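Contents: one structure, followed by commentary.
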Amino acid sequence: MVPLTNSPLPRNMIENSMFEEEPDVVDLAKESPSYPIDSDDVVYEPRSSRLLVRGLGENDLDEEEEDYESSARLLGMSFMNRSSSQRSAAASSYTRQQPSNSCSVPSAKKMVVGILVLVIIAFVAMFIYFVPRCTFSKDGCQKTNSSIEQLYPKASNGELFPWTGLRLPASVHPVHYEISLQPNLTAMTFQGSVAISMVVLQETNKIVLHSYDMKIINSTFQDEKVNILEYKPWQQIAIKVSKELKKGEIYVLKIHYSANLSNSYDGLYNSSYIDTNGKRRVLAATQFEPLAARKAFPCFDEPAFKASFVIKITREAEYISLSNMPKVKTTPLGDGLFEDEFEKSVNMSTYLVAFVVANLSSVSKNVSNTLVSVYAVPDKKDQTHYALETVAKLLEFYNRFFEITYPLSKLDLVGIPDFLAGAMENWGLITFRETTLLIGDHSSPIDKQLVTSVIAHELAHQWFGNLVTMRWWNDLWLNEGFATYMQYMSIEEVFPELDIDNEFLSVRFKALAKDALNSSHPLSTKVYTPEEVAEMFDSVSYEKGASILLMLKATLSKVAFRKGVIEYLKRYRGLNTQSEDLWMSLSQVTNPHTDVAEMMNTWTVQKGFPLVTVNRTGIQVNLMQEHFVLNADNATDHSNLWHIPLTYVSDICNNSSSCKQVFLFKDKTATIEVSEKVKWLKFNYRSDGFYIVDYGEQGWRALIIALKENVNVLPHEDRAALINNIFALSRSDRVSFRQVLNLLVYLKNETETAPLTEALTQLNHIFMLLDKRSDLLLVSRMTVGLNIFNLLVQILQSWEEESSVSKQALRSALLETACHLGRPNCTNQANRLFVQWRTSNKTEHIPGDLLKTVLSVAAQTEKGWQVLLDTYKHSIYDSEKRKTLQALASTQDVRKIVWILKAALDGSEIQTPELPLVISTVCRHSAGYLHAWDFVKENWDKLTQKFSIGSFPLQSIIMSTTSQFSTKTHLDEVERFFGSLKERGSKMRSVQEAIETIKLNIQWMDRNLVTLWKWL
Ligand SMILES: [Zn+2]
């Protein structure tokens, strides 16, 4: 999946749950209504049987849990601890444990309480160990043992529900689903039936699976009527059978049900749009990742439960239906209804199942024996050609690169109006937002870069994610980090003209910024609750994941990395994996001395990244590494070490990659020697590594002198990285802001996009903070400070078509800033272009990369705003529409701001998936910033109905509305508001991140306002 990232990337948090202590038995007694007692919940599985299950999709306890569980058999009581942690994670709809920070000597009162607790623990342990011993044996207990039965949760009908875990039991594995669905696009409901064939891996007398918000009409097990129990808090249903199910046998469960089409953009949901005749059209589409397949059909909704699917969909004549596989046949059912049946699918996870019922048109072509089609609503069919050509080239590239041919005979890409994510990689049926798929006359090369990136990402998932799938959501980065890495790598190879390397560099900087917060989390993080799973879709999984893969590729070499990747895909084809499996495959193809797992585990199981401090004395260069946290007071662990593949160049040799020196820096400190002639050293060559460097007073000075003499002594990625690193060091108070300004002086001679946009981004951030504090004098002086960008003067003259994507990106960023700051030579030219565009009835073209800037200037007048509102309502070009919306949201008129926020929330005139974009745009301007924050507070319940807790859009909304506060009053208010929500989201990572960010802003202002005054 790709979240759409026009709004600021989420910077969310998690406590380091890897090392949290398990809650004790007292918590269990207090909080937990239930406890697994059934025989096959606790019977020890011999390791061999677990291996048998492996790859078929076991309920994957990791090694640590596995050992813990087996020792629990011996200890009797400690098994309770693990169960209690799972239960307490789920019992409240959203709770997160805080790490223990107490290491002081307990008081006498605490001692007494502690002893009491121990006595209770001992009592409970004896009770569990002696009284219900039968519950730990295969013989089982009498089900009438009431003291034990009360430990089960109650199903919705009042009976006991036979399972107590958020994760499903591993005793039964689905092998095949037959699904039949009849969506009714008038009543917005659907009927469905599912027949699930499953194999028993371990004898059991119950089956537990997922189902959410559906009415079960009837059900049979082995063709005999069966009673379905439901436990709503965990979205589970279960059946109990009187006779134990035999290991190795196949059984069939059939369920007939009905439900409403969802209106929250997941599950099987209804979507609508206005066509060119002004008529509202409806369609039904799916979005299942991560946990919403259960909203469309009862299923074993965990990624490791792979199975095959046959899907049948009933539709009216005016619609077509699409699913993962090609259609086999259509049967008329009478009453104007038809049933489409699709081929049996490959084995896949439930989150990859998809279907669409809509009125769509398509273009197709054959690529290496796969029929590739791009679908859109009929009005937009002529905007599908770019995507078709792009996907064709990329499919050929991936087939070759992975040495595994895409396994299906068809591949559909569908633009869905009213779609929340950027796109979703459903196998054979990739769904997109229209913005990320369609290219029309008004699209710029930057729009093409976006569409190409999203297609490249989703297509990479057909291998990474679909063919080989992470075992559980804790390793989501295996899917998303890889697809993100492949998206940049493939575009660099296939579409070099799109200048994607600059984009990848800025993405790495964003990942560093997020990961420098104490509220960040390790790439591999334990997750259980739906909210925790949703929060994994953040820039750590995507962008840090991609960054560490780039670092690994640079270390192992391009050839060895590719060989390892192919080995991994071939070995685990059709199976589920965890990080270790990838490292093992990569180790096999490298020098035997490279222990890939040993190195990479330091990057995946610890949060954050290292700061390397350089201290040179003559020929000796002393290096030290430490965990870099922006707010060093909050650092949780100072002892973390990374295996850093450290690289550097010097003034003696710096202009080719052969100059690069490499060594693996594993310890706290290291020393290297360089020639006395060396004037400066630059570490992390081309910024391929995921770490930052502090060169010390002397080292920074030498680099600044070198750059002032000649900017080309370093590649542009390195210059951008110096700017990025020095700002980060200044934010953490390791380098003075004066030193930052000294470096920026060299920018007068800078012409490359990457360093200039990085400097602009960093200065913009400061500008935004000043703007929101209404420090008008500083704000106006800051606009003059822009003169450090000599290039701006030239760019202000150039509003014509520009062919290089990189130059367009730079021009767009500079002009947007200049117009935003109200520089007259920018706004006057923008107004002139707008008038030409309007009076020529939009035939006078505005270059696509300047459209947003021009329209945003125009939106500041009443007339301009009304023209744009009309354009927004009628445009069929989605990229134009989106830029128009951003312009509308940039208004300084409070009444319009109030209107636009409301319109996007209720979805009437502005589609609700655009709300995060509207909010982030409103927040850029001082006029709307506080309104947006009030709006979020007042409408929190509605927002969480549209966007689930922990989801990417909600992360984005929280960060946009709070990340520019820099006063204690605002900090208190943010803490008070989210603190009052209790279980409704107060513990979200993004809330912790927001609070940490505000604290950092306050600190930065306290330290640097004076320096800024002097500079400006
Ligand atoms: Zn993805």
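Just so we're on the same page: first chain in the structure tokens is A, next is B, and so on; residues restart at 1 for each chain, and ligands are numbered from 1 in the order they show up.
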
Residue list (strand (DSSP E), DSSP) for region 176-264 of chain A, as a PyMOL selection string: chain A and resi 176-184+189-200+204-210+215-221+224-225+229-231+236-245+250-260

Test item: residues lying within 7 Å of ligand 1 with only C-alpha atoms and all ligand atoms, as a PyMOL selection string: chain A and resi 1-2+424-425+457-458+461+479-480+483-484

Could the residues in this selection be saved with N, CA and C atoms as a short mmCIF file (atom, residue, chain, number, x, y, z; two decimals), in the first residue's frame?
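Everything below was put into out-v1.cif:
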```
data_model
loop_
_atom_site.label_atom_id
_atom_site.label_comp_id
_atom_site.auth_asym_id
_atom_site.auth_seq_id
_atom_site.Cartn_x
_atom_site.Cartn_y
_atom_site.Cartn_z
N MET A 1 0.86 -1.18 0.00
CA MET A 1 0.00 0.00 0.00
C MET A 1 0.89 1.23 0.00
N VAL A 2 0.40 2.28 -0.60
CA VAL A 2 1.11 3.55 -0.57
C VAL A 2 0.18 4.60 0.03
N MET A 424 -3.19 0.37 -3.69
CA MET A 424 -3.14 -0.89 -2.94
C MET A 424 -2.80 -2.03 -3.89
N GLU A 425 -1.86 -2.87 -3.46
CA GLU A 425 -1.24 -3.85 -4.36
C GLU A 425 -1.99 -5.16 -4.52
N HIS A 457 5.99 1.06 -7.17
CA HIS A 457 5.88 0.55 -5.81
C HIS A 457 4.90 -0.64 -5.76
N GLU A 458 3.71 -0.42 -6.31
CA GLU A 458 2.69 -1.48 -6.23
C GLU A 458 3.08 -2.71 -7.04
N HIS A 461 5.41 -4.89 -5.19
CA HIS A 461 4.69 -5.70 -4.19
C HIS A 461 4.21 -7.03 -4.76
N ASN A 479 7.63 -5.88 3.56
CA ASN A 479 6.79 -5.53 2.41
C ASN A 479 7.08 -4.12 1.94
N GLU A 480 6.91 -3.18 2.88
CA GLU A 480 6.87 -1.77 2.48
C GLU A 480 8.25 -1.16 2.26
N ALA A 483 9.31 -2.57 -1.15
CA ALA A 483 8.60 -1.98 -2.29
C ALA A 483 9.05 -0.54 -2.50
N THR A 484 9.30 0.18 -1.40
CA THR A 484 9.75 1.57 -1.51
C THR A 484 11.15 1.62 -2.12
#
```

Exercise: Ile566 (chain A) partners within 10 Å, only C-alpha atoms, chain neighbours under 6 positions left out, as a PyMOL selection string: chain A and resi 401-404+560+585-586

Could the residues in this selection be saved with N, CA and C atoms as a PDB file, in the first residue's frame?
```
ATOM      1  N   PHE A 401      14.463  -8.587 -13.696  1.00  0.00           N
ATOM      2  CA  PHE A 401      15.305  -8.319 -12.524  1.00  0.00           C
ATOM      3  C   PHE A 401      15.186  -9.428 -11.474  1.00  0.00           C
ATOM      4  N   PHE A 402      13.971  -9.870 -11.197  1.00  0.00           N
ATOM      5  CA  PHE A 402      13.754 -10.880 -10.151  1.00  0.00           C
ATOM      6  C   PHE A 402      13.951 -12.303 -10.664  1.00  0.00           C
ATOM      7  N   GLU A 403      14.054 -12.449 -11.978  1.00  0.00           N
ATOM      8  CA  GLU A 403      14.169 -13.768 -12.602  1.00  0.00           C
ATOM      9  C   GLU A 403      12.995 -14.670 -12.237  1.00  0.00           C
ATOM     10  N   ILE A 404      11.874 -14.072 -11.897  1.00  0.00           N
ATOM     11  CA  ILE A 404      10.624 -14.818 -11.672  1.00  0.00           C
ATOM     12  C   ILE A 404       9.562 -14.045 -12.441  1.00  0.00           C
ATOM     13  N   ALA A 560      25.770  -8.490  -5.838  1.00  0.00           N
ATOM     14  CA  ALA A 560      25.534  -9.442  -4.740  1.00  0.00           C
ATOM     15  C   ALA A 560      24.156  -9.211  -4.132  1.00  0.00           C
ATOM     16  N   SER A 585      19.281 -15.265   3.277  1.00  0.00           N
ATOM     17  CA  SER A 585      19.451 -15.369   1.821  1.00  0.00           C
ATOM     18  C   SER A 585      20.578 -14.470   1.343  1.00  0.00           C
ATOM     19  N   LEU A 586      20.655 -13.271   1.913  1.00  0.00           N
ATOM     20  CA  LEU A 586      21.695 -12.338   1.480  1.00  0.00           C
ATOM     21  C   LEU A 586      23.073 -12.806   1.944  1.00  0.00           C
TER      22      LEU A 586
END
```

Write out as a compact mmCIF listing (two decimals) with C-alpha atoms, in the first residue's frame each polymer residue whose atoms come within 12 Å of Asn227 (chain A), counting only C-alpha atoms; drop sequence neighbours fewer than 6 positions from it.
```
# COMPACT_ATOMS: atom_id res chain seq x y z
CA ALA A 155 -19.95 -14.34 23.16
CA ASN A 157 -25.37 -14.58 22.67
CA GLU A 159 -22.50 -18.37 25.75
CA PHE A 161 -16.55 -17.92 23.54
CA LYS A 206 -13.31 -25.57 17.77
CA ILE A 207 -12.67 -23.28 14.82
CA ILE A 216 -24.96 -14.17 9.94
CA ILE A 217 -28.07 -15.68 8.35
CA ASN A 218 -27.18 -19.35 8.59
CA SER A 219 -24.18 -21.62 8.70
CA THR A 220 -23.27 -25.26 8.30
CA PHE A 221 -20.27 -27.33 9.20
CA ILE A 237 -16.39 -15.81 15.43
CA ALA A 238 -16.12 -19.45 16.43
CA ILE A 239 -17.83 -22.79 16.22
CA LYS A 240 -17.54 -25.59 18.73
CA VAL A 241 -17.90 -29.20 17.67
CA SER A 242 -18.69 -32.12 19.90
CA LEU A 253 -17.57 -24.41 7.00
CA LYS A 254 -20.27 -22.53 5.09
CA ILE A 255 -21.65 -19.18 6.19
```

Show me, as a tab-separated table, the residues of region 404-518 of chain A having an atom within 8 Å of region 799-819 of chain A, each with the closest atom pair and its distance in Å, using only C-alpha atoms.
```
residue	atom	partner	partner_atom	distance
A:Pro445	CA	A:Val805	CA	6.1
A:Ile446	CA	A:Val805	CA	6.3
A:Glu497	CA	A:Val805	CA	7.5
A:Leu498	CA	A:Val805	CA	5.9
A:Asp499	CA	A:Ser806	CA	5.9
A:Asn502	CA	A:Ser806	CA	7.5
```

Which of A:Leu611, A:Ala904, A:Val194, A:Leu769 sits closest to Arg734 (chain A) [using only C-alpha atoms]: A:Leu611

Nearest-residue call for Ile491 (chain A), choices A:Tyr695, A:Phe665, A:Phe504, A:Trp837, using only C-alpha atoms: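 Smallest distance to Ile491 (chain A) is found for A:Phe504.
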
Shell of 12 Å around Thr969 (chain A), only C-alpha atoms, local chain residues under 6 positions omitted, as a list in words: Arg773, Glu975, Arg976, Ile998, Lys999 and Ile1002 of chain A

Suppose we keep C-alpha atoms; can you now write the selection as a compact mmCIF listing (two decimals), in the first residue's frame?
```txt
# COMPACT_ATOMS: atom_id res chain seq x y z
CA ARG A 773 4.06 32.93 16.71
CA GLU A 975 -1.55 17.49 26.13
CA ARG A 976 -4.85 18.33 27.77
CA ILE A 998 6.27 20.87 20.28
CA LYS A 999 8.76 20.52 23.13
CA ILE A 1002 9.98 25.44 22.30
```
